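J.: Quick one, my_file13.cif (mmCIF, C-alpha atoms):
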```cif
data_data
#
loop_
_atom_site.label_atom_id
_atom_site.label_comp_id
_atom_site.auth_asym_id
_atom_site.auth_seq_id
_atom_site.Cartn_x
_atom_site.Cartn_y
_atom_site.Cartn_z
CA MET K 1 0.31 -36.85 -234.89
CA ARG K 2 -0.02 -38.23 -238.46
CA GLN K 3 2.00 -41.32 -237.61
CA ALA K 4 -0.01 -42.12 -234.48
CA THR K 5 -3.53 -41.65 -235.84
CA GLY K 6 -3.28 -41.37 -239.60
CA VAL K 7 -4.84 -37.89 -239.41
CA SER K 8 -2.87 -34.74 -240.11
CA GLU K 9 -2.17 -32.29 -237.30
CA ARG K 10 -3.89 -29.49 -239.22
CA ARG K 11 -7.07 -31.51 -239.73
CA ALA K 12 -7.18 -32.80 -236.15
CA CYS K 13 -6.78 -29.31 -234.70
CA ARG K 14 -9.48 -27.96 -237.02
CA THR K 15 -11.85 -30.71 -235.91
CA LEU K 16 -11.16 -30.11 -232.19
CA GLY K 17 -11.24 -26.34 -232.51
CA GLN K 18 -7.68 -25.98 -231.21
CA HIS K 19 -4.87 -23.81 -232.50
CA ARG K 20 -1.97 -25.78 -233.95
CA SER K 21 0.49 -24.08 -231.59
CA THR K 22 -1.08 -25.98 -228.68
CA GLN K 23 0.48 -29.17 -230.05
CA ARG K 24 3.99 -27.76 -230.06
CA ARG K 25 4.23 -25.55 -226.99
CA VAL K 26 5.59 -27.27 -223.89
CA PRO K 27 4.00 -25.80 -220.72
CA ARG K 28 6.61 -24.34 -218.43
CA SER K 29 6.11 -23.34 -214.81
CA ARG K 30 7.79 -20.39 -213.15
CA PRO K 31 11.20 -21.11 -211.62
CA ASP K 32 9.92 -20.27 -208.13
CA GLU K 33 6.73 -22.36 -208.43
CA ASP K 34 7.99 -25.32 -206.41
CA LEU K 35 9.34 -23.13 -203.59
CA LEU K 36 6.15 -21.09 -203.47
CA THR K 37 4.06 -24.26 -203.39
CA GLU K 38 6.11 -25.59 -200.47
CA ASP K 39 5.60 -22.36 -198.53
CA ILE K 40 1.86 -22.34 -199.21
CA ILE K 41 1.47 -25.93 -198.04
CA ALA K 42 3.58 -25.27 -194.93
CA LEU K 43 1.51 -22.19 -194.01
CA ALA K 44 -1.75 -24.03 -194.67
CA LYS K 45 -0.67 -26.79 -192.29
CA GLU K 46 0.41 -24.32 -189.62
CA HIS K 47 -2.72 -22.16 -189.89
CA GLY K 48 -5.49 -24.62 -190.61
CA ARG K 49 -8.30 -22.04 -190.51
CA TYR K 50 -6.72 -19.57 -192.95
CA GLY K 51 -7.94 -19.35 -196.53
CA TYR K 52 -5.80 -18.53 -199.55
CA ARG K 53 -6.25 -14.76 -199.10
CA MET K 54 -4.85 -14.91 -195.58
CA ILE K 55 -2.03 -17.13 -196.82
CA THR K 56 -1.32 -14.55 -199.56
CA GLY K 57 -1.01 -11.89 -196.87
CA LEU K 58 1.42 -14.03 -194.86
CA LEU K 59 3.51 -14.72 -197.97
CA ASN K 60 3.74 -11.06 -198.96
CA ASN K 61 4.55 -10.02 -195.39
CA ALA K 62 7.36 -12.61 -195.43
CA GLY K 63 8.93 -11.19 -198.62
CA TRP K 64 7.07 -12.85 -201.50
CA HIS K 65 5.39 -10.69 -204.15
CA VAL K 66 2.42 -12.76 -205.24
CA ASN K 67 -1.20 -11.96 -205.99
CA PRO K 68 -4.20 -13.88 -204.58
CA LYS K 69 -5.06 -15.42 -207.97
CA ARG K 70 -1.74 -17.22 -208.23
CA VAL K 71 -1.97 -18.47 -204.65
CA GLU K 72 -5.56 -19.60 -205.25
CA ARG K 73 -4.48 -21.56 -208.35
CA ILE K 74 -1.78 -23.42 -206.41
CA TRP K 75 -4.13 -23.79 -203.42
CA ARG K 76 -6.76 -25.57 -205.50
CA ARG K 77 -4.22 -27.58 -207.49
CA GLU K 78 -2.81 -28.99 -204.25
CA GLY K 79 -6.28 -29.84 -202.97
CA LEU K 80 -6.13 -27.49 -200.00
CA LYS K 81 -9.45 -26.81 -198.33
CA VAL K 82 -10.85 -23.31 -198.22
CA PRO K 83 -12.62 -22.71 -194.87
CA ALA K 84 -16.36 -22.19 -195.11
CA LYS K 85 -17.54 -18.61 -194.93
CA GLN K 86 -19.14 -17.44 -191.72
CA PRO K 87 -22.76 -16.21 -191.99
CA LYS K 88 -23.15 -12.45 -192.06
CA LYS K 89 -24.68 -10.72 -189.07
CA GLY K 90 -27.18 -7.92 -189.52
CA ARG K 91 -27.03 -4.67 -187.63
CA LEU K 92 -29.10 -4.19 -184.52
CA ARG K 93 -31.42 -1.25 -184.95
CA LEU K 94 -33.78 0.89 -182.94
CA ASN K 95 -37.55 0.91 -183.47
CA ASP K 96 -37.29 3.87 -185.85
CA GLY K 97 -34.78 2.02 -188.02
CA SER K 98 -31.75 4.02 -186.91
CA CYS K 99 -28.56 2.26 -185.90
CA VAL K 100 -26.57 2.88 -182.73
CA ARG K 101 -22.85 2.85 -183.39
CA LEU K 102 -19.79 4.42 -181.85
CA ARG K 103 -17.12 4.07 -184.53
CA PRO K 104 -13.41 4.20 -183.68
CA GLU K 105 -11.61 7.04 -185.44
CA ARG K 106 -8.00 6.69 -184.27
CA PRO K 107 -5.75 4.52 -182.09
CA ASN K 108 -6.67 4.64 -178.41
CA HIS K 109 -10.10 6.03 -179.25
CA VAL K 110 -12.32 3.03 -178.41
CA TRP K 111 -11.31 -0.12 -176.54
CA SER K 112 -13.58 -3.13 -176.15
CA TYR K 113 -13.50 -5.95 -173.64
CA ASP K 114 -15.42 -9.17 -173.22
CA PHE K 115 -15.23 -12.58 -171.55
CA VAL K 116 -14.77 -15.94 -173.28
CA GLN K 117 -15.15 -19.27 -171.48
CA ASP K 118 -13.45 -22.61 -172.15
CA ARG K 119 -12.30 -25.71 -170.23
CA THR K 120 -9.04 -27.45 -169.47
CA HIS K 121 -8.70 -31.18 -170.19
CA ASP K 122 -9.95 -32.09 -166.70
CA GLY K 123 -13.26 -30.36 -167.38
CA ARG K 124 -12.63 -27.33 -165.17
CA VAL K 125 -13.76 -23.99 -166.51
CA PHE K 126 -11.42 -21.09 -167.18
CA ARG K 127 -12.25 -17.65 -168.53
CA THR K 128 -10.40 -15.09 -170.58
CA LEU K 129 -10.76 -11.32 -170.44
CA ASN K 130 -10.11 -10.02 -173.96
CA ILE K 131 -9.32 -6.31 -174.44
CA ILE K 132 -8.82 -4.89 -177.94
CA ASP K 133 -8.24 -1.54 -179.62
CA GLU K 134 -11.08 -1.29 -182.13
CA PHE K 135 -9.23 1.01 -184.54
CA THR K 136 -5.90 -0.81 -184.79
CA LYS K 137 -7.50 -4.28 -184.20
CA GLU K 138 -4.67 -5.02 -181.74
CA ALA K 139 -5.32 -7.46 -178.90
CA LEU K 140 -4.09 -5.34 -176.01
CA MET K 141 -4.45 -8.07 -173.38
CA ILE K 142 -5.90 -11.52 -172.82
CA ARG K 143 -6.07 -12.31 -169.10
CA VAL K 144 -6.66 -15.98 -168.27
CA ASP K 145 -7.87 -17.34 -164.93
CA ARG K 146 -10.39 -19.72 -163.40
CA LYS K 147 -12.59 -16.83 -162.29
CA LEU K 148 -12.64 -13.22 -163.45
CA LYS K 149 -14.61 -10.51 -161.66
CA SER K 150 -15.00 -6.75 -161.81
CA VAL K 151 -11.81 -6.28 -159.78
CA ASP K 152 -9.90 -8.22 -162.43
CA VAL K 153 -11.27 -5.91 -165.13
CA VAL K 154 -10.10 -2.89 -163.14
CA ASP K 155 -6.63 -4.44 -162.59
CA ALA K 156 -6.24 -5.26 -166.30
CA LEU K 157 -7.38 -1.81 -167.43
CA THR K 158 -5.12 -0.17 -164.86
CA ASP K 159 -2.08 -1.92 -166.32
CA LEU K 160 -3.04 -0.88 -169.85
CA PHE K 161 -3.87 2.71 -168.88
CA ILE K 162 -0.43 3.06 -167.29
CA LEU K 163 1.25 1.56 -170.36
CA ARG K 164 -0.76 3.28 -173.11
CA GLY K 165 -2.78 6.04 -171.47
CA PRO K 166 -6.57 5.97 -171.09
CA PRO K 167 -8.69 5.70 -174.25
CA ALA K 168 -11.55 8.06 -174.99
CA TYR K 169 -14.13 5.25 -174.62
CA VAL K 170 -14.26 1.76 -173.16
CA ARG K 171 -16.97 -0.38 -174.76
CA SER K 172 -18.42 -3.54 -173.27
CA ASP K 173 -21.41 -5.84 -173.40
CA ASN K 174 -24.37 -5.76 -171.04
CA GLY K 175 -23.54 -8.89 -169.02
CA PRO K 176 -23.41 -8.99 -165.21
CA GLU K 177 -19.63 -8.55 -165.06
CA PHE K 178 -19.76 -5.37 -167.10
CA ILE K 179 -22.49 -3.41 -165.33
CA ALA K 180 -20.61 -3.46 -162.03
CA GLN K 181 -20.70 0.08 -160.64
CA LYS K 182 -17.11 -0.27 -159.47
CA VAL K 183 -15.84 -0.67 -163.03
CA ARG K 184 -17.96 2.17 -164.39
CA SER K 185 -16.96 4.53 -161.62
CA TRP K 186 -13.28 3.71 -161.96
CA ILE K 187 -13.24 4.21 -165.74
CA SER K 188 -14.90 7.60 -165.39
CA ALA K 189 -12.53 8.60 -162.60
CA VAL K 190 -9.44 8.13 -164.78
CA GLY K 191 -10.78 10.26 -167.61
CA ALA K 192 -12.34 7.75 -170.02
CA LYS K 193 -15.99 7.33 -170.95
CA THR K 194 -17.94 4.09 -170.76
CA ALA K 195 -19.95 2.87 -173.73
CA PHE K 196 -22.39 0.66 -171.87
CA ILE K 197 -25.99 0.30 -172.97
CA GLU K 198 -29.08 0.56 -170.91
CA PRO K 199 -31.00 -2.69 -170.26
CA GLY K 200 -33.40 -3.52 -173.08
CA SER K 201 -31.61 -1.39 -175.68
CA PRO K 202 -29.96 -2.91 -178.77
CA TRP K 203 -26.20 -2.82 -179.00
CA GLU K 204 -23.46 -3.60 -181.42
CA ASN K 205 -20.23 -4.91 -180.04
CA GLY K 206 -19.07 -6.38 -183.32
CA TYR K 207 -15.35 -5.65 -183.01
CA VAL K 208 -14.72 -7.74 -179.93
CA GLU K 209 -17.26 -10.35 -181.04
CA SER K 210 -15.34 -10.78 -184.29
CA PHE K 211 -12.10 -11.08 -182.34
CA ASN K 212 -13.64 -13.66 -180.00
CA ALA K 213 -14.80 -15.71 -183.00
CA ARG K 214 -11.26 -15.78 -184.46
CA PHE K 215 -9.84 -16.55 -181.02
CA ARG K 216 -12.13 -19.55 -180.58
CA ASP K 217 -11.88 -20.79 -184.16
CA GLU K 218 -8.09 -20.55 -184.49
CA LEU K 219 -7.03 -21.56 -180.97
CA LEU K 220 -9.59 -22.66 -178.39
CA ASP K 221 -11.33 -25.16 -180.69
CA ARG K 222 -8.01 -26.61 -181.86
CA GLU K 223 -6.00 -26.99 -178.64
CA ILE K 224 -6.30 -29.28 -175.61
CA PHE K 225 -5.17 -27.43 -172.49
CA PHE K 226 -3.97 -29.84 -169.83
CA SER K 227 -3.56 -27.13 -167.19
CA LEU K 228 -4.40 -23.50 -166.57
CA ARG K 229 -0.73 -22.57 -166.93
CA GLU K 230 -0.54 -24.22 -170.33
CA ALA K 231 -3.64 -22.29 -171.41
CA GLN K 232 -2.07 -19.02 -170.26
CA ILE K 233 1.16 -19.67 -172.17
CA LEU K 234 -0.47 -20.81 -175.42
CA ILE K 235 -3.06 -18.03 -175.38
CA GLU K 236 -0.40 -15.37 -174.86
CA ARG K 237 1.65 -16.90 -177.69
CA TRP K 238 -1.41 -16.73 -179.95
CA ARG K 239 -2.04 -13.09 -178.95
CA VAL K 240 1.49 -12.11 -179.95
CA HIS K 241 1.08 -13.95 -183.26
CA TYR K 242 -2.28 -12.25 -183.84
CA ASN K 243 -0.75 -8.82 -183.31
CA THR K 244 2.57 -9.21 -185.12
CA VAL K 245 2.11 -11.84 -187.84
CA ARG K 246 -1.52 -12.73 -188.61
CA PRO K 247 -2.85 -10.74 -191.61
CA HIS K 248 -6.06 -8.79 -191.03
CA SER K 249 -8.37 -8.20 -194.00
CA ALA K 250 -9.52 -4.80 -192.68
CA LEU K 251 -5.89 -3.65 -192.59
CA GLY K 252 -5.03 -4.67 -196.16
CA TYR K 253 -3.86 -8.09 -194.97
CA ARG K 254 -1.25 -6.58 -192.67
CA PRO K 255 -0.97 -7.52 -188.98
CA PRO K 256 -2.29 -5.02 -186.39
CA ALA K 257 1.11 -4.35 -184.77
CA PRO K 258 3.94 -5.81 -186.89
CA GLU K 259 7.35 -6.04 -185.30
CA VAL K 260 9.78 -3.39 -186.49
CA ILE K 261 13.32 -4.61 -187.11
CA VAL K 262 15.96 -1.88 -187.25
CA PRO K 263 18.89 -2.76 -189.58
CA VAL K 264 22.25 -3.00 -187.88
CA ASP K 265 23.72 -0.10 -189.88
CA GLN K 266 20.85 2.17 -188.76
CA ARG K 267 20.99 1.47 -185.06
CA PRO K 268 22.31 4.28 -182.82
CA VAL K 269 25.90 3.90 -181.69
CA MET K 270 26.32 3.66 -177.91
CA HIS K 271 29.18 5.69 -176.49
#
```
For the file at hand, write its structure as structure tokens.
T.:
Amino acid sequence: MRQATGVSERRACRTLGQHRSTQRRVPRSRPDEDLLTEDIIALAKEHGRYGYRMITGLLNNAGWHVNPKRVERIWRREGLKVPAKQPKKGRLRLNDGSCVRLRPERPNHVWSYDFVQDRTHDGRVFRTLNIIDEFTKEALMIRVDRKLKSVDVVDALTDLFILRGPPAYVRSDNGPEFIAQKVRSWISAVGAKTAFIEPGSPWENGYVESFNARFRDELLDREIFFSLREAQILIERWRVHYNTVRPHSALGYRPPAPEVIVPVDQRPVMH
């Protein structure tokens, strides 16, 4: 430093308020920094609506052991964009200030279902029937068709009841598809309870609404569906990814239903 400026290193550091060791220490990155950066960039490209916390969850689920702060540092250094936060929604309350809420307490306790509408590339409308388990956050089924009526709700729930058994409650919104007496009667007949609301009463259906928002943000708003069949295939693929891979913040950034791989040496021997 003396040769370049004519000022001693000691004096320059004192003037700048820096410790002298800063002039001698060569910054060194961790040996896995480049590989981690590549994985972060690859995941950010694949999942364009995920922030660094979701990416941290994916990395740790894939075998990395990194904390969100390190991922955030690399995220910002690489100029990756953090998605804007969604506005918070307040609770719906009764006139006396109390809040109506049926909270799920265990798997298969409360299921929710709702409709979402979108269009194929030719402008024709298609609808999806989304059914979720509110406790596990698992997307149990997404049925896709041009039209969906009360009979389709019954058919979808029948398949799930046979596969998983009936839940204690089935929750739904107050739209025309959901107040069909046929659906309500059938749900009661198989041993479940309906969680409909009476007209004019406030209602919270936040679990399925949150799922629908993710569904639209991460898939429907990003894909062009050239046919109904293509929509069915891509939506089912996204559902499987949502259940088995996508981290969920309410589950400690674990997926709702991760795939279990049994090691070869632990598999039962067939005789």
J.: Pull out every residue that the PyMOL selection byres ((chain K and resi 157) around 10) matches in the shown coordinates and put them as a short mmCIF file (atom, residue, chain, number, x, y, z; two decimals) with C-alpha atoms, in the frame of the given file.
T.:
```cif
data_model
loop_
_atom_site.label_atom_id
_atom_site.label_comp_id
_atom_site.auth_asym_id
_atom_site.auth_seq_id
_atom_site.Cartn_x
_atom_site.Cartn_y
_atom_site.Cartn_z
CA TYR K 113 -13.50 -5.95 -173.64
CA ILE K 131 -9.32 -6.31 -174.44
CA LEU K 140 -4.09 -5.34 -176.01
CA MET K 141 -4.45 -8.07 -173.38
CA VAL K 151 -11.81 -6.28 -159.78
CA ASP K 152 -9.90 -8.22 -162.43
CA VAL K 153 -11.27 -5.91 -165.13
CA VAL K 154 -10.10 -2.89 -163.14
CA ASP K 155 -6.63 -4.44 -162.59
CA ALA K 156 -6.24 -5.26 -166.30
CA THR K 158 -5.12 -0.17 -164.86
CA ASP K 159 -2.08 -1.92 -166.32
CA LEU K 160 -3.04 -0.88 -169.85
CA PHE K 161 -3.87 2.71 -168.88
CA ILE K 162 -0.43 3.06 -167.29
CA LEU K 163 1.25 1.56 -170.36
CA GLY K 165 -2.78 6.04 -171.47
CA PRO K 166 -6.57 5.97 -171.09
CA VAL K 170 -14.26 1.76 -173.16
CA VAL K 183 -15.84 -0.67 -163.03
CA TRP K 186 -13.28 3.71 -161.96
CA ILE K 187 -13.24 4.21 -165.74
#
```
J.: Please write as a list in words the full residue list that the PyMOL selection byres ((chain K and resi 80) around 12) yields on this file.
T.: Thr37, Ile40, Ile41, Ala42, Leu43, Ala44, Lys45, His47, Gly48, Arg49, Tyr50, Gly51, Tyr52, Ile55, Val71, Glu72, Arg73, Ile74, Trp75, Arg76, Arg77, Glu78, Gly79, Lys81, Val82 and Pro83 of chain K
J.: For those residues, write C-alpha atoms to a file as a PDB file, keeping the file's coordinate frame.
T.:
```pdb
ATOM      1  CA  THR K  37       4.060 -24.260-203.390  1.00  0.00           C
ATOM      2  CA  ILE K  40       1.860 -22.340-199.210  1.00  0.00           C
ATOM      3  CA  ILE K  41       1.470 -25.930-198.040  1.00  0.00           C
ATOM      4  CA  ALA K  42       3.580 -25.270-194.930  1.00  0.00           C
ATOM      5  CA  LEU K  43       1.510 -22.190-194.010  1.00  0.00           C
ATOM      6  CA  ALA K  44      -1.750 -24.030-194.670  1.00  0.00           C
ATOM      7  CA  LYS K  45      -0.670 -26.790-192.290  1.00  0.00           C
ATOM      8  CA  HIS K  47      -2.720 -22.160-189.890  1.00  0.00           C
ATOM      9  CA  GLY K  48      -5.490 -24.620-190.610  1.00  0.00           C
ATOM     10  CA  ARG K  49      -8.300 -22.040-190.510  1.00  0.00           C
ATOM     11  CA  TYR K  50      -6.720 -19.570-192.950  1.00  0.00           C
ATOM     12  CA  GLY K  51      -7.940 -19.350-196.530  1.00  0.00           C
ATOM     13  CA  TYR K  52      -5.800 -18.530-199.550  1.00  0.00           C
ATOM     14  CA  ILE K  55      -2.030 -17.130-196.820  1.00  0.00           C
ATOM     15  CA  VAL K  71      -1.970 -18.470-204.650  1.00  0.00           C
ATOM     16  CA  GLU K  72      -5.560 -19.600-205.250  1.00  0.00           C
ATOM     17  CA  ARG K  73      -4.480 -21.560-208.350  1.00  0.00           C
ATOM     18  CA  ILE K  74      -1.780 -23.420-206.410  1.00  0.00           C
ATOM     19  CA  TRP K  75      -4.130 -23.790-203.420  1.00  0.00           C
ATOM     20  CA  ARG K  76      -6.760 -25.570-205.500  1.00  0.00           C
ATOM     21  CA  ARG K  77      -4.220 -27.580-207.490  1.00  0.00           C
ATOM     22  CA  GLU K  78      -2.810 -28.990-204.250  1.00  0.00           C
ATOM     23  CA  GLY K  79      -6.280 -29.840-202.970  1.00  0.00           C
ATOM     24  CA  LYS K  81      -9.450 -26.810-198.330  1.00  0.00           C
ATOM     25  CA  VAL K  82     -10.850 -23.310-198.220  1.00  0.00           C
ATOM     26  CA  PRO K  83     -12.620 -22.710-194.870  1.00  0.00           C
TER      27      PRO K  83
END
```
J.: I need the residue nearest K:Phe225 from this list: K:Arg164, K:Arg143, K:His241, K:Arg124. Use only C-alpha atoms for the distance.
T.: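 The closest residue to K:Phe225 is K:Arg124.
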J.: Stretch 109-112 of chain K: which residues within 9 Å, counting all atoms listed in the file, same-chain residues fewer than 4 positions away excluded, as a list of chain:residue names?
T.: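 In the requested form, the answer reads K:Leu102, K:Arg103, K:Pro104, K:Glu105, K:Asn130, K:Ile131, K:Ile132, K:Asp133, K:Glu134, K:Phe135, K:Leu140, K:Pro166, K:Pro167, K:Ala168, K:Tyr169, K:Val170, K:Arg171, K:Ser172, K:Asp173, K:Ala195, K:Asn205, K:Tyr207, K:Val208.
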J.: What does the PyMOL selection byres ((chain K and resi 221) around 12) select in this file, as a list in words?
T.: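 The output of the PyMOL selection byres ((chain K and resi 221) around 12) on this file is Gly48, Arg49, Gln117, Asp118, Arg119, Thr120, Asn212, Ala213, Arg214, Phe215, Arg216, Asp217, Glu218, Leu219, Leu220, Arg222, Glu223, Ile224 and Phe225 of chain K.
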J.: Tell me, in Å to one decimal, how far atom CA of K:Ile142 is from atom CA of K:Ala189.
T.: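 Interatomic distance here is 23.5 Å.
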J.: May I ask for the distance between atom CA of K:Pro31 and atom CA of K:Met54, given in Å to one decimal place?
T.: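 Between atom CA of K:Pro31 and atom CA of K:Met54 the gap works out to 23.5 Å.
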